[in-house]
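Novice: Just one file: protein-v9.txt, with compact mmCIF, C-alpha atoms.
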```txt
# COMPACT_ATOMS: atom_id res chain seq x y z
CA MET I 166 -13.40 25.80 -24.20
CA PHE I 167 -9.65 26.16 -23.81
CA ILE I 168 -9.10 25.78 -27.55
CA ARG I 169 -11.84 28.27 -28.36
CA ARG I 170 -10.07 30.90 -26.26
CA ILE I 171 -6.82 30.36 -28.15
CA ILE I 172 -8.50 30.45 -31.55
CA SER I 173 -10.36 33.63 -30.70
CA GLY I 174 -7.03 35.48 -30.38
CA VAL I 175 -6.58 35.64 -26.61
CA SER I 176 -2.92 35.17 -25.73
CA LEU I 177 -1.97 32.05 -23.83
CA SER I 178 -0.29 34.00 -21.03
CA THR I 179 -3.60 35.79 -20.42
CA ILE I 180 -5.37 32.43 -20.20
CA LEU I 181 -2.74 30.89 -17.92
CA PHE I 182 -2.66 33.74 -15.47
CA SER I 183 -6.31 34.73 -15.51
CA ALA I 184 -8.00 34.89 -12.12
CA PRO I 185 -11.29 33.13 -11.48
CA PRO I 186 -14.22 35.53 -11.87
CA VAL I 187 -15.08 35.18 -8.18
CA LEU I 188 -11.65 36.43 -7.07
CA ALA I 189 -11.18 39.22 -9.57
CA LYS I 190 -12.27 42.65 -8.37
CA GLU I 191 -11.97 44.93 -11.38
CA SER I 192 -11.33 42.60 -14.30
CA SER I 193 -11.66 38.91 -14.90
CA GLN I 194 -8.14 38.55 -16.34
CA ILE I 195 -4.72 39.26 -14.93
CA THR I 196 -1.89 39.66 -17.40
CA ILE I 197 1.77 39.62 -16.48
CA ALA I 198 2.27 43.23 -17.58
CA SER I 199 -0.41 44.52 -15.19
CA TYR I 200 0.17 42.01 -12.40
CA SER I 201 -1.85 42.49 -9.28
CA SER I 202 -1.43 40.26 -6.26
CA SER I 203 -5.13 40.45 -5.40
CA GLY I 204 -6.04 37.57 -7.72
CA MET I 205 -3.12 35.21 -7.08
CA GLY I 206 -1.68 35.70 -3.64
CA PHE I 207 0.31 32.45 -3.63
CA VAL I 208 2.45 33.32 -6.68
CA GLY I 209 4.90 36.22 -6.60
CA LYS I 210 5.42 38.74 -9.40
CA GLY I 211 8.99 37.59 -9.97
CA HIS I 212 7.85 34.02 -10.44
CA CYS I 213 5.28 35.04 -13.05
CA GLN I 214 7.86 37.16 -14.90
CA TRP I 215 10.35 34.31 -14.81
CA TRP I 216 7.76 31.92 -16.28
CA ALA I 217 6.81 34.45 -18.99
CA GLY I 218 10.45 34.66 -20.07
CA SER I 219 11.02 30.91 -20.09
CA PRO I 220 10.85 28.78 -23.25
CA LEU I 221 7.81 27.02 -21.79
CA SER I 222 5.79 30.20 -21.30
CA ASN I 223 3.21 29.12 -23.85
CA GLN I 224 2.30 26.07 -21.75
CA ASN I 225 0.36 25.61 -18.54
CA PRO I 226 2.76 25.45 -15.58
CA HIS I 227 0.36 23.24 -13.62
CA VAL I 228 0.66 20.50 -16.23
CA TRP I 229 4.44 20.59 -15.86
CA ALA I 230 4.11 20.50 -12.07
CA GLY I 231 1.91 17.42 -12.42
CA PHE I 232 4.44 15.73 -14.72
CA PHE I 233 7.21 16.55 -12.27
CA ILE I 234 5.27 15.04 -9.37
CA LEU I 235 4.53 11.89 -11.42
CA PHE I 236 8.22 11.70 -12.37
CA LEU I 237 9.22 11.87 -8.71
CA LEU I 238 6.71 9.18 -7.74
CA GLY I 239 7.87 6.94 -10.58
CA SER I 240 11.51 7.41 -9.60
CA ALA I 241 10.75 6.61 -5.99
CA THR I 242 8.90 3.46 -7.07
CA LEU I 243 11.84 2.31 -9.20
CA VAL I 244 14.32 2.93 -6.39
CA TRP I 245 12.09 1.03 -3.97
CA LYS I 246 11.76 -1.95 -6.36
CA PHE I 247 15.53 -1.95 -6.96
CA TYR I 248 16.15 -1.88 -3.21
CA ARG I 249 13.74 -4.78 -2.63
CA SER I 250 15.29 -6.88 -5.39
CA ARG I 251 18.77 -6.30 -3.96
CA LYS I 252 17.49 -7.20 -0.49
CA GLU I 253 15.94 -10.42 -1.79
CA LEU I 254 19.19 -11.31 -3.57
CA ALA I 255 21.12 -10.72 -0.37
CA ALA I 256 18.70 -12.93 1.58
CA GLY I 257 19.06 -15.81 -0.86
CA SER I 258 21.93 -15.41 -3.25
CA GLY I 259 20.95 -16.80 -6.64
CA GLN I 260 19.59 -20.27 -7.28
CA GLY I 261 20.98 -21.70 -4.05
CA GLY I 262 19.05 -19.16 -2.01
CA LYS I 263 15.81 -20.01 -3.80
CA LEU I 264 16.41 -23.69 -3.20
CA ASN I 265 17.04 -23.02 0.48
CA MET I 266 13.82 -21.01 0.73
CA LEU I 267 11.87 -23.79 -1.01
CA ALA I 268 13.44 -26.41 1.26
CA ALA I 269 12.52 -24.39 4.34
CA GLU I 270 8.92 -24.10 3.13
CA LEU I 271 8.76 -27.85 2.48
CA GLU I 272 10.18 -28.55 5.95
CA ILE I 273 7.40 -26.47 7.48
CA ARG I 274 4.78 -28.39 5.47
CA LYS I 275 6.39 -31.67 6.50
CA ARG I 276 6.30 -30.68 10.18
CA ARG I 277 2.63 -29.73 9.91
CA LEU I 278 1.76 -33.06 8.28
CA VAL I 279 3.57 -34.97 11.02
CA GLU I 280 1.59 -32.98 13.60
CA LYS I 281 -1.65 -33.82 11.75
CA ILE I 282 -0.76 -37.52 11.69
CA ASN I 283 0.01 -37.44 15.43
CA GLU I 284 -3.30 -35.67 16.11
CA LEU I 285 -5.09 -38.23 13.94
CA ASP I 286 -3.48 -41.08 15.92
CA ARG I 287 -4.55 -39.44 19.19
CA LYS I 288 -8.14 -39.07 17.96
CA PHE I 289 -8.21 -42.70 16.77
CA SER I 290 -6.88 -44.02 20.06
CA SER I 291 -9.50 -42.03 21.99
CA GLN I 292 -12.15 -43.31 19.54
CA GLU I 293 -13.14 -39.82 18.34
CA ILE I 294 -12.78 -40.98 14.73
CA SER I 295 -13.88 -44.19 13.01
CA SER I 296 -11.51 -46.76 11.59
CA ASP I 297 -12.51 -45.97 7.98
CA GLY I 298 -12.00 -42.23 8.47
CA TYR I 299 -8.66 -42.85 10.15
CA ASP I 300 -7.44 -45.11 7.31
CA LYS I 301 -8.47 -42.60 4.59
CA LEU I 302 -6.92 -39.56 6.29
CA CYS I 303 -3.81 -41.41 7.35
CA ALA I 304 -3.21 -42.70 3.80
CA ARG I 305 -3.74 -39.20 2.37
CA TYR I 306 -1.40 -37.55 4.89
CA LYS I 307 1.29 -40.18 4.39
CA ALA I 308 1.10 -39.88 0.59
CA GLU I 309 1.52 -36.11 0.92
CA LEU I 310 4.43 -36.65 3.32
CA ASP I 311 6.12 -38.98 0.82
CA LYS I 312 5.80 -36.36 -1.94
CA ILE I 313 7.36 -33.72 0.28
CA GLU I 314 10.23 -35.98 1.29
CA LYS I 315 10.96 -36.78 -2.39
CA LYS I 316 11.01 -33.08 -3.22
CA LEU I 317 13.32 -32.38 -0.29
CA LYS I 318 15.66 -35.14 -1.50
CA GLN I 319 15.71 -33.60 -5.01
CA ILE I 320 16.49 -30.17 -3.58
CA LYS I 321 19.31 -31.60 -1.49
CA GLU I 322 20.79 -33.30 -4.58
CA LEU I 323 20.56 -30.07 -6.59
CA GLY I 324 22.25 -28.17 -3.78
CA GLU I 325 25.10 -30.66 -3.71
CA GLN I 326 25.59 -30.36 -7.50
CA GLN I 327 26.07 -26.60 -7.25
```
Can you turn what I pasted into structure tokens?

Specialist:
Amino acid sequence: MFIRRIISGVSLSTILFSAPPVLAKESSQITIASYSSSGMGFVGKGHCQWWAGSPLSNQNPHVWAGFFILFLLGSATLVWKFYRSRKELAAGSGQGGKLNMLAAELEIRKRRLVEKINELDRKFSSQEISSDGYDKLCARYKAELDKIEKKLKQIKELGEQQ
């Protein structure tokens, strides 16, 4: 419909600044030359004249406002991501910081496994769990604990090399 209006010879400024038929009292179109504030109370006459004299007067100003808002949102997102990356670098500077974070995570897992083994021993001594169940779980927890300790040893050696 928009293209049909342009092809039929109606000027673009008439299309851009036309009032909706419900709001228009005498005519369904408001042109800049015969501006009346009854159709567009939120836009001043000076603003409409300024837009008509601008190089972008043949384009819809609402599209440009939308692009501007998207540009601002995109810029804010980039600044936020940059800030977060700088904050993460400050928390753990480079490879050493990542290794320290990994070591801390492995220490937490190791502590949890030791607590599970202690809980398993308590349950076995109070006969809440069978001997077979105890042996299977204990072997599994200890194997996992060995893996974690090997990884912690590797991380410590890498930290010493740097």

Novice: Using Å and a single decimal, report how far atom CA of I:Lys312 sits from atom CA of I:Ile294.

Specialist: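 We find that atom CA of I:Ile294 and atom CA of I:Lys312 lie 25.4 Å from each other.
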
Novice: So, counting all atoms listed in the file, which residue among I:Pro220, I:Tyr299, I:Gln326, I:Lys307 is closest to I:Arg287?

Specialist: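 Counting all atoms listed in the file, the residue closest to I:Arg287 is I:Tyr299.
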
Novice: Looking at I:Asn265, I:Ser219, I:Ser250, I:Ser295, which one is nearest to I:Gly324, with distances taken over all atoms listed in the file?

Specialist: I:Asn265

Novice: Restricting the calculation to all atoms listed in the file: of I:Glu280, I:Glu253, I:Glu314, I:Asp300, which residue gets closest to I:Met266?

Specialist: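 Of the candidates, the smallest distance to I:Met266 is held by I:Glu253.
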
Novice: So what do you get for atom CA of I:Lys315 versus atom CA of I:Asn283, distance-wise?

Specialist: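 Here the two named atoms are 20.9 Å from each other.
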
Novice: One decimal, in Å: what's the spacing between atom CA of I:Ser291 and atom CA of I:Ile273?

Specialist: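 Separation of atom CA of I:Ser291 and atom CA of I:Ile273: 27.2 Å.
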
Novice: Can you sort out the box for stretch 237-246 of chain I, edges along x, y and z, all listed atoms in, 8 Å on every side, with centre and edge lengths in Å to one decimal, as JSON?

Specialist:
```
{"center_x": 10.5, "center_y": 5.0, "center_z": -7.3, "size_x": 23.6, "size_y": 29.8, "size_z": 22.6}
```

Novice: Could you list, as a count of residues only, every residue within 10 Å of I:Leu310, counting all atoms listed in the file and ignoring same-chain residues fewer than 3 positions away?

Specialist: 16

Novice: I'd like to know which of I:Ile320, I:Glu309, I:Gly209, I:Thr242 is closest to I:Ala269, using all atoms listed in the file.

Specialist: I:Ile320

Novice: Pick out the closest residue to I:Glu270 from this set: I:Val244, I:Ala217, I:Val228, I:Leu317. Count only C-alpha atoms.

Specialist: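 Answer, going by the shortest atom-to-atom distance: I:Leu317.
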